[in-house]
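K.L.:
One file: work.tsv (TSV, C-alpha atoms).
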chain	number	residue	atom	x	y	z
Z	167	MET	CA	31.85	73.68	-72.55
Z	168	ILE	CA	34.12	72.89	-69.63
Z	169	VAL	CA	34.69	69.56	-67.94
Z	170	PHE	CA	34.63	69.55	-64.15
Z	171	ARG	CA	36.55	67.14	-61.97
Z	172	LEU	CA	36.82	66.74	-58.23
Z	173	ASN	CA	39.80	65.69	-56.21
Z	174	PRO	CA	38.38	64.17	-53.02
Z	175	SER	CA	41.74	64.05	-51.25
Z	176	SER	CA	42.71	67.69	-51.85
Z	177	GLY	CA	41.05	68.90	-48.65
Z	178	VAL	CA	39.52	71.81	-50.60
Z	179	PRO	CA	35.70	71.80	-50.29
Z	180	PRO	CA	34.08	70.53	-53.52
Z	181	TYR	CA	32.17	73.77	-54.15
Z	182	LEU	CA	35.42	75.76	-54.07
Z	183	GLN	CA	37.07	73.27	-56.44
Z	184	LEU	CA	34.25	73.76	-58.94
Z	185	ALA	CA	34.40	77.56	-58.61
Z	186	GLN	CA	38.16	77.52	-59.09
Z	187	GLN	CA	37.82	75.44	-62.27
Z	188	VAL	CA	35.41	78.03	-63.69
Z	189	ARG	CA	37.83	80.86	-62.79
Z	190	GLN	CA	40.67	79.00	-64.49
Z	191	ALA	CA	38.58	78.43	-67.61
Z	192	LEU	CA	37.78	82.17	-67.63
Z	193	SER	CA	41.42	83.20	-67.19
Z	194	ALA	CA	42.53	80.85	-69.93
Z	195	GLY	CA	39.84	82.11	-72.30
Z	196	VAL	CA	38.11	78.71	-72.49
Z	197	LEU	CA	34.97	80.47	-71.30
Z	198	VAL	CA	34.18	84.00	-72.54
Z	199	PRO	CA	31.50	86.55	-71.54
Z	200	GLY	CA	28.08	85.43	-72.72
Z	201	ASP	CA	28.87	81.71	-72.45
Z	202	GLN	CA	26.49	79.57	-70.44
Z	203	LEU	CA	27.89	77.47	-67.61
Z	204	PRO	CA	26.87	73.80	-67.56
Z	205	THR	CA	23.48	73.32	-65.90
Z	206	VAL	CA	23.40	71.91	-62.38
Z	207	ARG	CA	21.99	68.71	-63.81
Z	208	GLU	CA	24.87	68.38	-66.29
Z	209	VAL	CA	27.48	68.94	-63.59
Z	210	VAL	CA	26.00	66.50	-61.07
Z	211	SER	CA	25.58	63.72	-63.61
Z	212	GLN	CA	29.20	64.27	-64.65
Z	213	VAL	CA	30.91	64.38	-61.27
Z	214	ALA	CA	28.23	62.88	-58.96
Z	215	VAL	CA	27.99	65.59	-56.31
Z	216	ASN	CA	25.07	66.98	-54.39
Z	217	PRO	CA	23.17	69.55	-56.51
Z	218	ASN	CA	23.53	72.09	-53.68
Z	219	THR	CA	27.32	71.94	-54.10
Z	220	VAL	CA	26.98	73.22	-57.65
Z	221	PHE	CA	24.43	75.90	-56.66
Z	222	LYS	CA	26.80	77.05	-53.96
Z	223	SER	CA	29.80	77.30	-56.27
Z	224	TYR	CA	27.79	79.23	-58.88
Z	225	ARG	CA	26.52	81.57	-56.16
Z	226	GLU	CA	30.12	82.15	-55.09
Z	227	LEU	CA	31.06	83.11	-58.67
Z	228	GLU	CA	27.99	85.33	-58.83
Z	229	ARG	CA	29.05	87.09	-55.65
Z	230	GLU	CA	32.41	87.77	-57.28
Z	231	GLY	CA	30.56	89.30	-60.24
Z	232	LEU	CA	31.98	86.80	-62.73
Z	233	VAL	CA	28.70	85.13	-63.69
Z	234	GLN	CA	25.01	85.89	-63.52
Z	235	GLY	CA	22.15	83.48	-62.89
Z	236	ARG	CA	19.07	84.17	-65.01
Z	237	PRO	CA	15.99	82.46	-63.58
Z	238	GLY	CA	14.75	79.75	-65.87
Z	239	ALA	CA	17.58	80.27	-68.37
Z	240	GLY	CA	20.81	79.26	-66.63
Z	241	THR	CA	24.04	80.84	-65.44
Z	242	PHE	CA	26.02	83.01	-67.84
Z	243	VAL	CA	29.55	84.45	-67.86
Z	244	LEU	CA	29.68	88.20	-67.27
Z	245	ARG	CA	33.41	88.94	-67.29
Z	246	ARG	CA	36.89	87.54	-66.85
Z	247	PRO	CA	38.46	87.59	-63.40
Z	248	ASP	CA	40.97	90.36	-62.74
Z	249	GLY	CA	44.48	89.57	-63.87
Z	250	PRO	CA	46.51	89.50	-67.06
Z	251	PRO	CA	44.87	88.46	-70.34
Z	252	PRO	CA	45.10	84.84	-71.59
Z	253	GLY	CA	48.54	83.88	-72.87
Z	254	THR	CA	50.40	86.26	-70.56
Z	255	HIS	CA	51.41	83.50	-68.19
Z	256	ALA	CA	52.83	81.30	-70.96
Z	257	ARG	CA	54.73	84.21	-72.53
Z	258	LEU	CA	56.32	85.29	-69.22
Z	259	ALA	CA	57.21	81.67	-68.38
Z	260	LYS	CA	59.12	81.38	-71.65
Z	261	GLY	CA	61.04	84.62	-70.99
Z	262	LEU	CA	61.87	83.48	-67.47
Z	263	ALA	CA	63.17	80.12	-68.72
Z	264	ARG	CA	65.53	81.97	-71.08
Z	265	TRP	CA	66.72	84.20	-68.23
Z	266	VAL	CA	67.32	81.22	-65.92
Z	267	ASP	CA	69.35	79.60	-68.69
Z	268	THR	CA	71.51	82.74	-68.96
Z	269	ALA	CA	71.99	82.85	-65.19
Z	270	ARG	CA	73.06	79.20	-65.03
Z	271	THR	CA	75.45	79.65	-67.93
Z	272	ALA	CA	76.93	82.56	-65.99
Z	273	GLY	CA	77.68	80.08	-63.18
Z	274	MET	CA	74.91	80.93	-60.67
Z	275	SER	CA	73.57	78.09	-58.50
Z	276	ASP	CA	69.80	77.51	-58.14
Z	277	SER	CA	69.80	78.77	-54.57
Z	278	ALA	CA	71.68	81.91	-55.64
Z	279	ILE	CA	69.05	82.43	-58.38
Z	280	GLU	CA	66.23	82.01	-55.85
Z	281	ALA	CA	67.91	84.49	-53.54
Z	282	LEU	CA	68.25	86.98	-56.38
Z	283	VAL	CA	64.58	86.61	-57.35
Z	284	ARG	CA	63.57	87.05	-53.71
Z	285	THR	CA	65.68	90.23	-53.29
Z	286	THR	CA	64.28	91.64	-56.52
Z	287	LEU	CA	60.69	90.96	-55.43
Z	288	ASP	CA	61.34	92.44	-51.99
Z	289	ARG	CA	62.77	95.61	-53.47
Z	290	GLY	CA	59.18	96.16	-54.57
Z	291	GLU	CA	59.85	98.46	-57.46
Z	292	ALA	CA	60.43	98.07	-61.17
Z	293	VAL	CA	64.06	97.83	-62.24
Z	294	ALA	CA	64.86	100.26	-64.96
E	290	MET	CA	2.89	73.70	-47.21
E	291	THR	CA	3.53	70.11	-48.19
E	292	ALA	CA	4.30	67.46	-45.62
E	293	LEU	CA	7.91	66.59	-44.94
E	294	PRO	CA	9.07	63.66	-47.09
E	295	ILE	CA	9.91	61.47	-44.10
E	296	THR	CA	8.94	61.81	-40.43
E	297	THR	CA	9.12	59.19	-37.71
E	298	THR	CA	8.13	59.35	-34.03
E	299	GLY	CA	9.29	56.81	-31.48
E	300	LEU	CA	9.66	54.24	-34.23
E	301	GLY	CA	10.73	50.77	-33.08
E	302	LYS	CA	10.86	47.24	-34.44
E	303	ARG	CA	11.25	44.07	-32.43
E	304	PHE	CA	11.99	40.66	-33.87
E	305	GLY	CA	11.14	38.09	-31.21
E	306	ARG	CA	12.91	39.36	-28.11
E	307	THR	CA	15.45	41.48	-29.94
E	308	TRP	CA	14.92	45.13	-30.74
E	309	ALA	CA	16.34	45.87	-34.22
E	310	LEU	CA	15.45	49.53	-33.87
E	311	ARG	CA	14.29	51.56	-30.88
E	312	ASP	CA	12.78	54.95	-30.21
E	313	CYS	CA	13.73	56.44	-33.51
E	314	THR	CA	12.45	59.99	-34.06
E	315	PHE	CA	13.68	62.06	-36.98
E	316	GLU	CA	12.67	63.94	-40.08
E	317	VAL	CA	14.21	64.33	-43.49
E	318	PRO	CA	13.80	67.74	-45.18
E	319	GLU	CA	12.28	68.26	-48.61
E	320	HIS	CA	14.49	67.75	-51.64
E	321	SER	CA	17.45	66.37	-49.75
E	322	LEU	CA	19.79	63.52	-50.50
E	323	CYS	CA	20.02	61.91	-47.11
E	324	ALA	CA	22.66	59.35	-46.15
E	325	LEU	CA	21.73	56.50	-43.81
E	326	VAL	CA	24.83	55.14	-42.10
E	327	GLY	CA	25.57	52.62	-39.38
E	328	GLY	CA	27.46	49.41	-38.79
E	329	ASN	CA	26.19	45.99	-39.86
E	330	GLY	CA	23.05	45.15	-37.92
E	331	ALA	CA	22.55	48.76	-36.85
E	332	GLY	CA	18.95	48.73	-38.10
E	333	LYS	CA	19.32	50.42	-41.50
E	334	THR	CA	17.49	47.81	-43.55
E	335	THR	CA	14.83	47.43	-40.83
E	336	LEU	CA	14.22	51.20	-40.98
E	337	LEU	CA	14.12	51.32	-44.79
E	338	ARG	CA	11.70	48.39	-44.99
E	339	MET	CA	9.32	50.05	-42.53
E	340	LEU	CA	9.51	53.35	-44.45
E	341	ALA	CA	8.78	51.46	-47.68
E	342	GLY	CA	5.68	49.90	-46.11
E	343	LEU	CA	7.12	46.38	-46.33
E	344	SER	CA	7.23	45.83	-42.59
E	345	ARG	CA	5.05	47.10	-39.75
E	346	PRO	CA	6.55	49.04	-36.84
E	347	THR	CA	6.26	47.45	-33.39
E	348	THR	CA	6.05	50.91	-31.81
E	349	GLY	CA	5.75	54.49	-32.99
E	350	GLU	CA	4.56	56.28	-36.05
E	351	LEU	CA	5.89	57.09	-39.48
E	352	GLU	CA	4.84	59.14	-42.46
E	353	VAL	CA	6.39	59.10	-45.89
E	354	ALA	CA	5.36	61.75	-48.44
E	355	GLY	CA	2.64	62.76	-45.98
E	356	ARG	CA	1.07	59.29	-45.89
E	357	ARG	CA	1.02	56.35	-43.50
E	358	PRO	CA	1.83	53.11	-45.29
E	359	ALA	CA	-0.65	50.99	-43.34
E	360	ASP	CA	-3.83	52.90	-44.11
E	361	ASP	CA	-3.29	54.45	-47.51
E	362	PRO	CA	-3.25	52.56	-50.81
E	363	ALA	CA	-1.96	55.67	-52.64
E	364	PHE	CA	1.21	55.38	-50.54
E	365	LEU	CA	2.90	53.08	-53.04
E	366	ALA	CA	2.67	55.56	-55.90
E	367	ASP	CA	4.70	58.14	-53.98
E	368	VAL	CA	7.42	55.90	-52.59
E	369	GLY	CA	10.16	54.06	-54.46
E	370	PHE	CA	12.27	51.37	-52.84
E	371	LEU	CA	15.32	49.66	-54.25
E	372	ALA	CA	16.35	46.64	-52.20
E	373	GLN	CA	19.94	45.53	-51.77
E	374	GLU	CA	19.63	42.49	-54.03
E	375	ILE	CA	18.48	44.52	-57.09
E	376	PRO	CA	15.17	42.85	-57.98
E	377	LEU	CA	15.04	42.35	-61.76
E	378	TYR	CA	13.84	39.45	-63.92
E	379	ARG	CA	16.98	37.83	-65.31
E	380	ARG	CA	15.45	36.63	-68.57
E	381	TRP	CA	13.67	39.88	-69.34
E	382	THR	CA	15.27	42.78	-71.22
E	383	ALA	CA	15.34	46.35	-69.88
E	384	GLU	CA	12.66	47.07	-72.49
E	385	ASP	CA	10.41	44.35	-71.00
E	386	HIS	CA	10.85	45.92	-67.58
E	387	LEU	CA	9.92	49.34	-68.99
E	388	ALA	CA	6.71	47.95	-70.47
E	389	PHE	CA	5.90	46.28	-67.16
E	390	GLY	CA	6.60	49.50	-65.24
E	391	ALA	CA	4.32	51.48	-67.57
E	392	HIS	CA	1.58	48.94	-66.95
E	393	LEU	CA	1.85	49.02	-63.16
E	394	ASN	CA	2.42	52.68	-62.36
E	395	PRO	CA	-0.12	55.47	-62.84
E	396	ARG	CA	2.47	58.26	-63.14
E	397	TRP	CA	5.00	56.29	-65.24
E	398	ASP	CA	7.45	58.46	-67.20
E	399	GLY	CA	8.70	56.20	-69.99
E	400	ALA	CA	10.49	58.92	-71.96
E	401	ALA	CA	12.63	60.03	-69.01
E	402	THR	CA	13.41	56.43	-68.07
E	403	ARG	CA	14.57	55.60	-71.59
E	404	ASP	CA	16.57	58.81	-71.67
E	405	ARG	CA	18.32	57.94	-68.38
E	406	LEU	CA	19.30	54.51	-69.67
E	407	ARG	CA	20.45	55.90	-73.01
E	408	ARG	CA	22.75	58.40	-71.29
E	409	VAL	CA	24.62	55.59	-69.56
E	410	ASN	CA	24.63	53.35	-72.68
E	411	ILE	CA	22.43	50.53	-71.45
E	412	PRO	CA	21.37	48.19	-74.29
E	413	LEU	CA	17.60	48.00	-73.87
E	414	GLU	CA	17.17	44.84	-75.93
E	415	ARG	CA	19.62	42.67	-74.01
E	416	ARG	CA	18.52	40.29	-71.27
E	417	ILE	CA	19.28	41.38	-67.72
E	418	GLU	CA	21.42	38.27	-67.16
E	419	ALA	CA	23.76	39.46	-69.95
E	420	LEU	CA	24.32	42.88	-68.33
E	421	SER	CA	27.12	43.82	-65.92
E	422	GLY	CA	26.35	44.51	-62.27
E	423	GLY	CA	26.71	48.24	-62.88
E	424	MET	CA	24.27	48.14	-65.79
E	425	ARG	CA	21.73	46.14	-63.77
E	426	ALA	CA	21.92	48.69	-60.99
E	427	GLN	CA	21.32	51.48	-63.52
E	428	VAL	CA	18.27	49.63	-64.91
E	429	ALA	CA	16.86	49.11	-61.43
E	430	LEU	CA	17.45	52.78	-60.52
E	431	ALA	CA	15.87	54.02	-63.76
E	432	LEU	CA	12.82	51.82	-63.07
E	433	ALA	CA	12.54	53.10	-59.50
E	434	LEU	CA	12.75	56.71	-60.79
E	435	GLY	CA	10.38	55.98	-63.67
E	436	LYS	CA	7.38	55.77	-61.36
E	437	ARG	CA	8.19	59.36	-60.33
E	438	PRO	CA	8.19	58.79	-56.57
E	439	ARG	CA	8.36	61.73	-54.18
E	440	VAL	CA	10.57	59.69	-51.88
E	441	LEU	CA	13.12	57.14	-53.02
E	442	LEU	CA	14.59	54.66	-50.52
E	443	LEU	CA	17.80	52.87	-51.51
E	444	ASP	CA	19.35	50.05	-49.50
E	445	GLU	CA	23.10	49.85	-50.21
E	446	PRO	CA	22.63	50.25	-53.95
E	447	VAL	CA	26.32	50.76	-54.78
E	448	ALA	CA	27.94	48.21	-52.44
E	449	ALA	CA	28.71	45.70	-55.20
E	450	LEU	CA	29.69	48.18	-57.93
E	451	ASP	CA	33.16	49.08	-59.20
E	452	PRO	CA	34.21	52.75	-58.76
E	453	LEU	CA	33.23	53.81	-62.26
E	454	ALA	CA	29.82	52.12	-62.14
E	455	ARG	CA	29.34	53.70	-58.71
E	456	ARG	CA	30.02	57.17	-60.01
E	457	ASP	CA	27.63	56.65	-62.96
E	458	PHE	CA	24.94	55.37	-60.60
E	459	LEU	CA	25.34	58.30	-58.21
E	460	GLY	CA	25.46	60.69	-61.20
E	461	THR	CA	22.05	59.42	-62.38
E	462	LEU	CA	20.72	59.74	-58.85
E	463	THR	CA	21.97	63.30	-58.24
E	464	ALA	CA	20.73	64.39	-61.66
E	465	ALA	CA	17.27	63.05	-60.77
E	466	VAL	CA	17.30	65.06	-57.54
E	467	ALA	CA	18.36	68.17	-59.48
E	468	ASP	CA	15.52	67.64	-61.97
E	469	GLU	CA	12.57	66.41	-59.98
E	470	ASP	CA	10.63	66.95	-56.81
E	471	LEU	CA	12.44	64.09	-55.15
E	472	THR	CA	13.89	63.24	-51.74
E	473	VAL	CA	16.31	60.33	-51.37
E	474	LEU	CA	17.30	58.26	-48.35
E	475	LEU	CA	20.32	56.13	-49.22
E	476	SER	CA	22.15	53.64	-47.03
E	477	SER	CA	25.80	52.85	-47.69
E	478	HIS	CA	29.11	52.11	-46.01
E	479	LEU	CA	31.04	54.23	-48.51
E	480	LEU	CA	31.42	57.41	-46.52
E	481	ALA	CA	33.48	59.24	-49.13
E	482	ASP	CA	30.69	58.79	-51.70
E	483	LEU	CA	28.06	59.84	-49.20
E	484	GLU	CA	29.93	62.97	-48.16
E	485	ARG	CA	30.15	64.06	-51.76
E	486	VAL	CA	26.62	63.22	-52.81
E	487	CYS	CA	24.49	63.75	-49.70
E	488	ASP	CA	23.53	66.91	-47.84
E	489	HIS	CA	21.86	65.27	-44.83
E	490	LEU	CA	22.81	62.37	-42.60
E	491	VAL	CA	21.00	59.88	-40.38
E	492	LEU	CA	23.31	57.81	-38.20
E	493	LEU	CA	22.18	54.59	-36.53
E	494	SER	CA	24.19	52.43	-34.22
E	495	ALA	CA	23.02	49.26	-32.51
E	496	GLY	CA	19.36	50.06	-33.16
E	497	HIS	CA	19.51	53.64	-31.88
E	498	LEU	CA	19.46	56.96	-33.67
E	499	HIS	CA	22.52	59.09	-32.90
E	500	LEU	CA	22.46	61.89	-35.44
E	501	CYS	CA	20.06	63.38	-37.92
E	502	ALA	CA	21.17	66.70	-39.35
E	503	ASP	CA	22.55	68.68	-42.23
E	504	ILE	CA	26.04	67.39	-43.06
E	505	GLU	CA	27.65	70.85	-43.11
E	506	GLU	CA	26.14	71.55	-39.70
E	507	ILE	CA	27.37	68.21	-38.38
E	508	VAL	CA	30.90	68.89	-39.59
E	509	ALA	CA	30.83	72.45	-38.19
E	510	ALA	CA	29.53	71.27	-34.79
E	511	HIS	CA	32.20	68.63	-34.15
E	512	LYS	CA	35.84	69.25	-33.24
E	513	VAL	CA	38.84	67.25	-32.17
E	514	LEU	CA	40.50	68.56	-29.00
E	515	THR	CA	43.94	67.44	-27.97
E	516	ALA	CA	46.01	68.19	-24.89
E	517	PRO	CA	48.75	66.68	-22.75
E	518	ALA	CA	47.20	63.96	-20.55
E	519	ARG	CA	44.43	65.45	-18.39
E	520	GLU	CA	40.90	64.84	-17.16
E	521	THR	CA	37.96	65.36	-19.52
E	522	ALA	CA	35.31	65.92	-16.82
E	523	ALA	CA	35.28	69.72	-17.17
E	524	LEU	CA	35.00	69.42	-20.92
E	525	GLU	CA	32.12	66.96	-20.64
E	526	ARG	CA	30.11	69.46	-18.58
E	527	ASP	CA	29.67	71.88	-21.46
E	528	HIS	CA	30.26	69.72	-24.50
E	529	HIS	CA	29.06	66.40	-25.78
E	530	VAL	CA	32.06	64.08	-25.77
E	531	ILE	CA	31.69	61.35	-28.38
E	532	HIS	CA	35.01	59.59	-28.29
E	533	VAL	CA	38.17	59.75	-26.17
E	534	ASP	CA	41.57	58.40	-27.16
E	535	ARG	CA	44.14	58.27	-24.39
E	536	THR	CA	47.83	57.58	-24.24
E	537	PRO	CA	49.87	58.08	-21.06
E	538	ARG	CA	51.06	61.43	-22.44
E	539	GLN	CA	48.17	62.73	-24.46
E	540	VAL	CA	44.41	62.80	-24.66
E	541	SER	CA	42.41	63.35	-27.83
E	542	VAL	CA	38.66	63.98	-27.71
E	543	LEU	CA	36.10	64.13	-30.48
E	544	ALA	CA	33.18	66.21	-29.25
E	545	ARG	CA	30.02	67.91	-30.42
E	546	MET	CA	30.57	71.42	-29.19
E	547	GLY	CA	28.06	72.95	-26.82
E	548	ILE	CA	27.70	76.64	-26.12
E	549	GLY	CA	29.98	76.73	-23.09
E	550	PRO	CA	33.61	77.83	-23.14
E	551	ILE	CA	36.54	75.48	-23.70
E	552	GLU	CA	39.07	75.47	-20.88
E	553	ASP	CA	42.58	76.65	-21.69
E	554	GLY	CA	45.11	74.14	-22.85
E	555	TRP	CA	43.01	72.29	-25.41
E	556	HIS	CA	44.15	72.47	-29.00
E	557	VAL	CA	41.00	72.57	-31.17
E	558	GLU	CA	40.89	71.27	-34.72
E	559	ASP	CA	38.28	70.73	-37.44
E	560	VAL	CA	37.37	67.15	-38.26
E	561	GLY	CA	35.99	65.42	-41.35
E	562	LEU	CA	32.69	63.57	-41.66
E	563	GLU	CA	34.33	60.15	-41.87
E	564	GLU	CA	36.11	60.58	-38.56
E	565	ILE	CA	32.93	61.88	-36.92
E	566	VAL	CA	30.91	58.87	-38.09
E	567	LEU	CA	33.60	56.44	-36.96
E	568	ALA	CA	33.67	58.08	-33.53
E	569	TYR	CA	29.91	57.57	-33.11
E	570	LEU	CA	30.07	53.97	-34.28
E	571	GLY	CA	33.01	53.25	-31.97
E	572	ARG	CA	31.31	54.90	-29.01
E	573	THR	CA	28.38	52.53	-29.06
E	574	GLU	CA	30.65	49.51	-29.04
E	575	SER	CA	32.59	50.70	-26.03
E	576	ARG	CA	29.37	51.62	-24.23
E	577	GLU	CA	28.04	48.11	-24.75
E	578	VAL	CA	31.23	46.56	-23.53
E	579	ALA	CA	31.10	48.76	-20.44
E	580	SER	CA	27.54	47.76	-19.59
E	581	ARG	CA	28.09	44.01	-19.75
What does this structure look like when you write it as structure tokens?

P.N.:
Amino acid sequence: MIVFRLNPSSGVPPYLQLAQQVRQALSAGVLVPGDQLPTVREVVSQVAVNPNTVFKSYRELEREGLVQGRPGAGTFVLRRPDGPPPGTHARLAKGLARWVDTARTAGMSDSAIEALVRTTLDRGEAVA
Amino acid sequence: MTALPITTTGLGKRFGRTWALRDCTFEVPEHSLCALVGGNGAGKTTLLRMLAGLSRPTTGELEVAGRRPADDPAFLADVGFLAQEIPLYRRWTAEDHLAFGAHLNPRWDGAATRDRLRRVNIPLERRIEALSGGMRAQVALALALGKRPRVLLLDEPVAALDPLARRDFLGTLTAAVADEDLTVLLSSHLLADLERVCDHLVLLSAGHLHLCADIEEIVAAHKVLTAPARETAALERDHHVIHVDRTPRQVSVLARMGIGPIEDGWHVEDVGLEEIVLAYLGRTESREVASR
């Protein structure tokens, strides 16, 4: 089960914060299809928000097709959000750290590295 | 169709020659968590005590859970009230209070009350005087919920609690609203808590009602407009100006937007609930100063 938290000073509406935390848990594989989301009662007693806030965030996730509410039973995960499978981010980050190390050893400054990354992204095509 | 949980019409209360509350007409929708805000002496406690049937209105009418307190003995079963000073017997345990509650209330739900206290780790066998302020507040709330009221009135229940105890208290309260057929009217000065927990707001200032609406609608309806120093008369024709801040170079207006257009030159921004409430409270002060 996932643990929700709210950052009151973030400026992001609470219902979007909750929805984002579910998406993150889905991307990271903490929640998988078939899992039940915490009930509204469980969430509100944990983070002390208005019950409607939780309804609204679950409806938002439902609209995105990620979860499904079953009357009388609860809200269940349907699928992961689009994007790479869990672990991809960590793997790529490691590879990038190695590359940055190589670039620095070769004498490139951080701003030169940033510029290179930018140019590569802007080229918009895979480098053979 | 069931009656609205709370309706008042022209409600007023006078103490001697002073009006504590005047001409107060509003309704609270079913199943809402409604915040009651206002400065000290704005009339919040006066209003709550009349709604709880503890004090008679000087003028006007009120109904809570479809009943009038004065002429209906069944009124008390449907309405819970938790006063500011947390009324518990110091030498009794929570368990003693539960037994007492079961004895007094026809719809008493002992299992749910015990369950609520267990979730927040309240020792049921310890005397109230040996419990922390947060624990006492939880006991009092659980007792008020135990009678299964349709409407629960809370007068600054979290004012004396530390942040953690406050969150636990509000967690128990929101969970009760999620579970039961319950409407809550809750007075507090802690706007950040209220914004998070409540979906409706009643705003009193100096004995008058200024706002009663859905919080999202309130936030959507108010804007801050800024511009280099200029007159606000044109703006005030189409929009409801709440508060004006002026410097020699700039003017900043908090307004409830009407349907008319906004003249060119105003920079319009969204504004949070806290700033909106402060603008209303500040407005009344300046109005009183002006009328003296």

K.L.:
Compile the residues of chain E that lie within 6 Å of chain Z, evaluated using all atoms listed in the file, and express the compilation as an MDAnalysis selection string.

P.N.:
chainID E and resid 459:461 463:464 467 485:487

K.L.:
Mind working out the centre and edge lengths of an axis-aligned box for segment 326-335 of chain E, all listed atoms inside, 8 Å added to each side, rounded to one decimal in Å and written as lines of an AutoDock Vina configuration file?

P.N.:
center_x = 21.1
center_y = 50.1
center_z = -40.2
size_x = 28.6
size_y = 26.0
size_z = 22.7

K.L.:
Which residues are close to segment 247-251 of chain Z, i.e. within 8 Å by all atoms listed in the file, leaving aside same-chain residues fewer than 6 positions away? Reply as an MDAnalysis selection string.

P.N.:
chainID Z and resid 189 192:194 232

K.L.:
Hey, what's within 12 Å of Pro362 of chain E if we count all atoms listed in the file and toss same-chain stuff fewer than 6 positions away? As a list of chain:residue names, please?

P.N.:
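In the requested form, the answer reads E:Gly342, E:Arg356, E:Val368.
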
K.L.:
Between atom CA of Pro294 of chain E and atom CA of Arg225 of chain Z, what distance in Å does the model show, to one decimal?

P.N.:
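These two atoms are separated by 26.6 Å.
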
K.L.:
Can you find the residues with an atom no farther than 9 Å from (5.1, 63.1, -41.3), counting all atoms listed in the file, and report them as a PyMOL selection string?

P.N.:
chain E and resi 292-298+316+350-357

K.L.:
Which distance in Å separates atom CA of Leu343 of chain E and atom CA of Ser494 of chain E, to one decimal?

P.N.:
21.8 Å

K.L.:
Contacts of Val440 of chain E at 10 Å or less, counting only C-alpha atoms, minus same-chain residues fewer than 3 places along, as a PyMOL selection string?

P.N.:
chain E and resi 294-295+319-321+340-341+353-354+366-370+434+437+443+470-474

K.L.:
I'd like to know which of E:Glu563, E:Asp482, E:Asp468, E:Asp553 is closest to Pro452 of chain E, using only C-alpha atoms.

P.N.:
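Closest candidate: E:Asp482.
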
K.L.:
Tell me which of E:Val557, E:Val530, E:Leu493, E:Ala419 sits closest to Leu337 of chain E, counting all atoms listed in the file.

P.N.:
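Among the listed residues, the smallest separation from Leu337 of chain E belongs to E:Leu493.
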
K.L.:
Report the distance between atom CA of Leu203 of chain Z and atom CA of Thr241 of chain Z in Å, rounded to one decimal place.

P.N.:
5.6 Å

K.L.:
Name all residues at most 8 Å from Val513 of chain E (count all atoms listed in the file; drop same-chain ones fewer than 2 positions away) and give them as a PyMOL selection string.

P.N.:
chain E and resi 511+515+541-544+557-560

K.L.:
Find the residues near Arg380 of chain E: any atom within 12 Å, counting all atoms listed in the file, skip ones fewer than 5 places away on the same chain, and give them as a ChimeraX atom specification.

P.N.:
/E:385-386,414-420
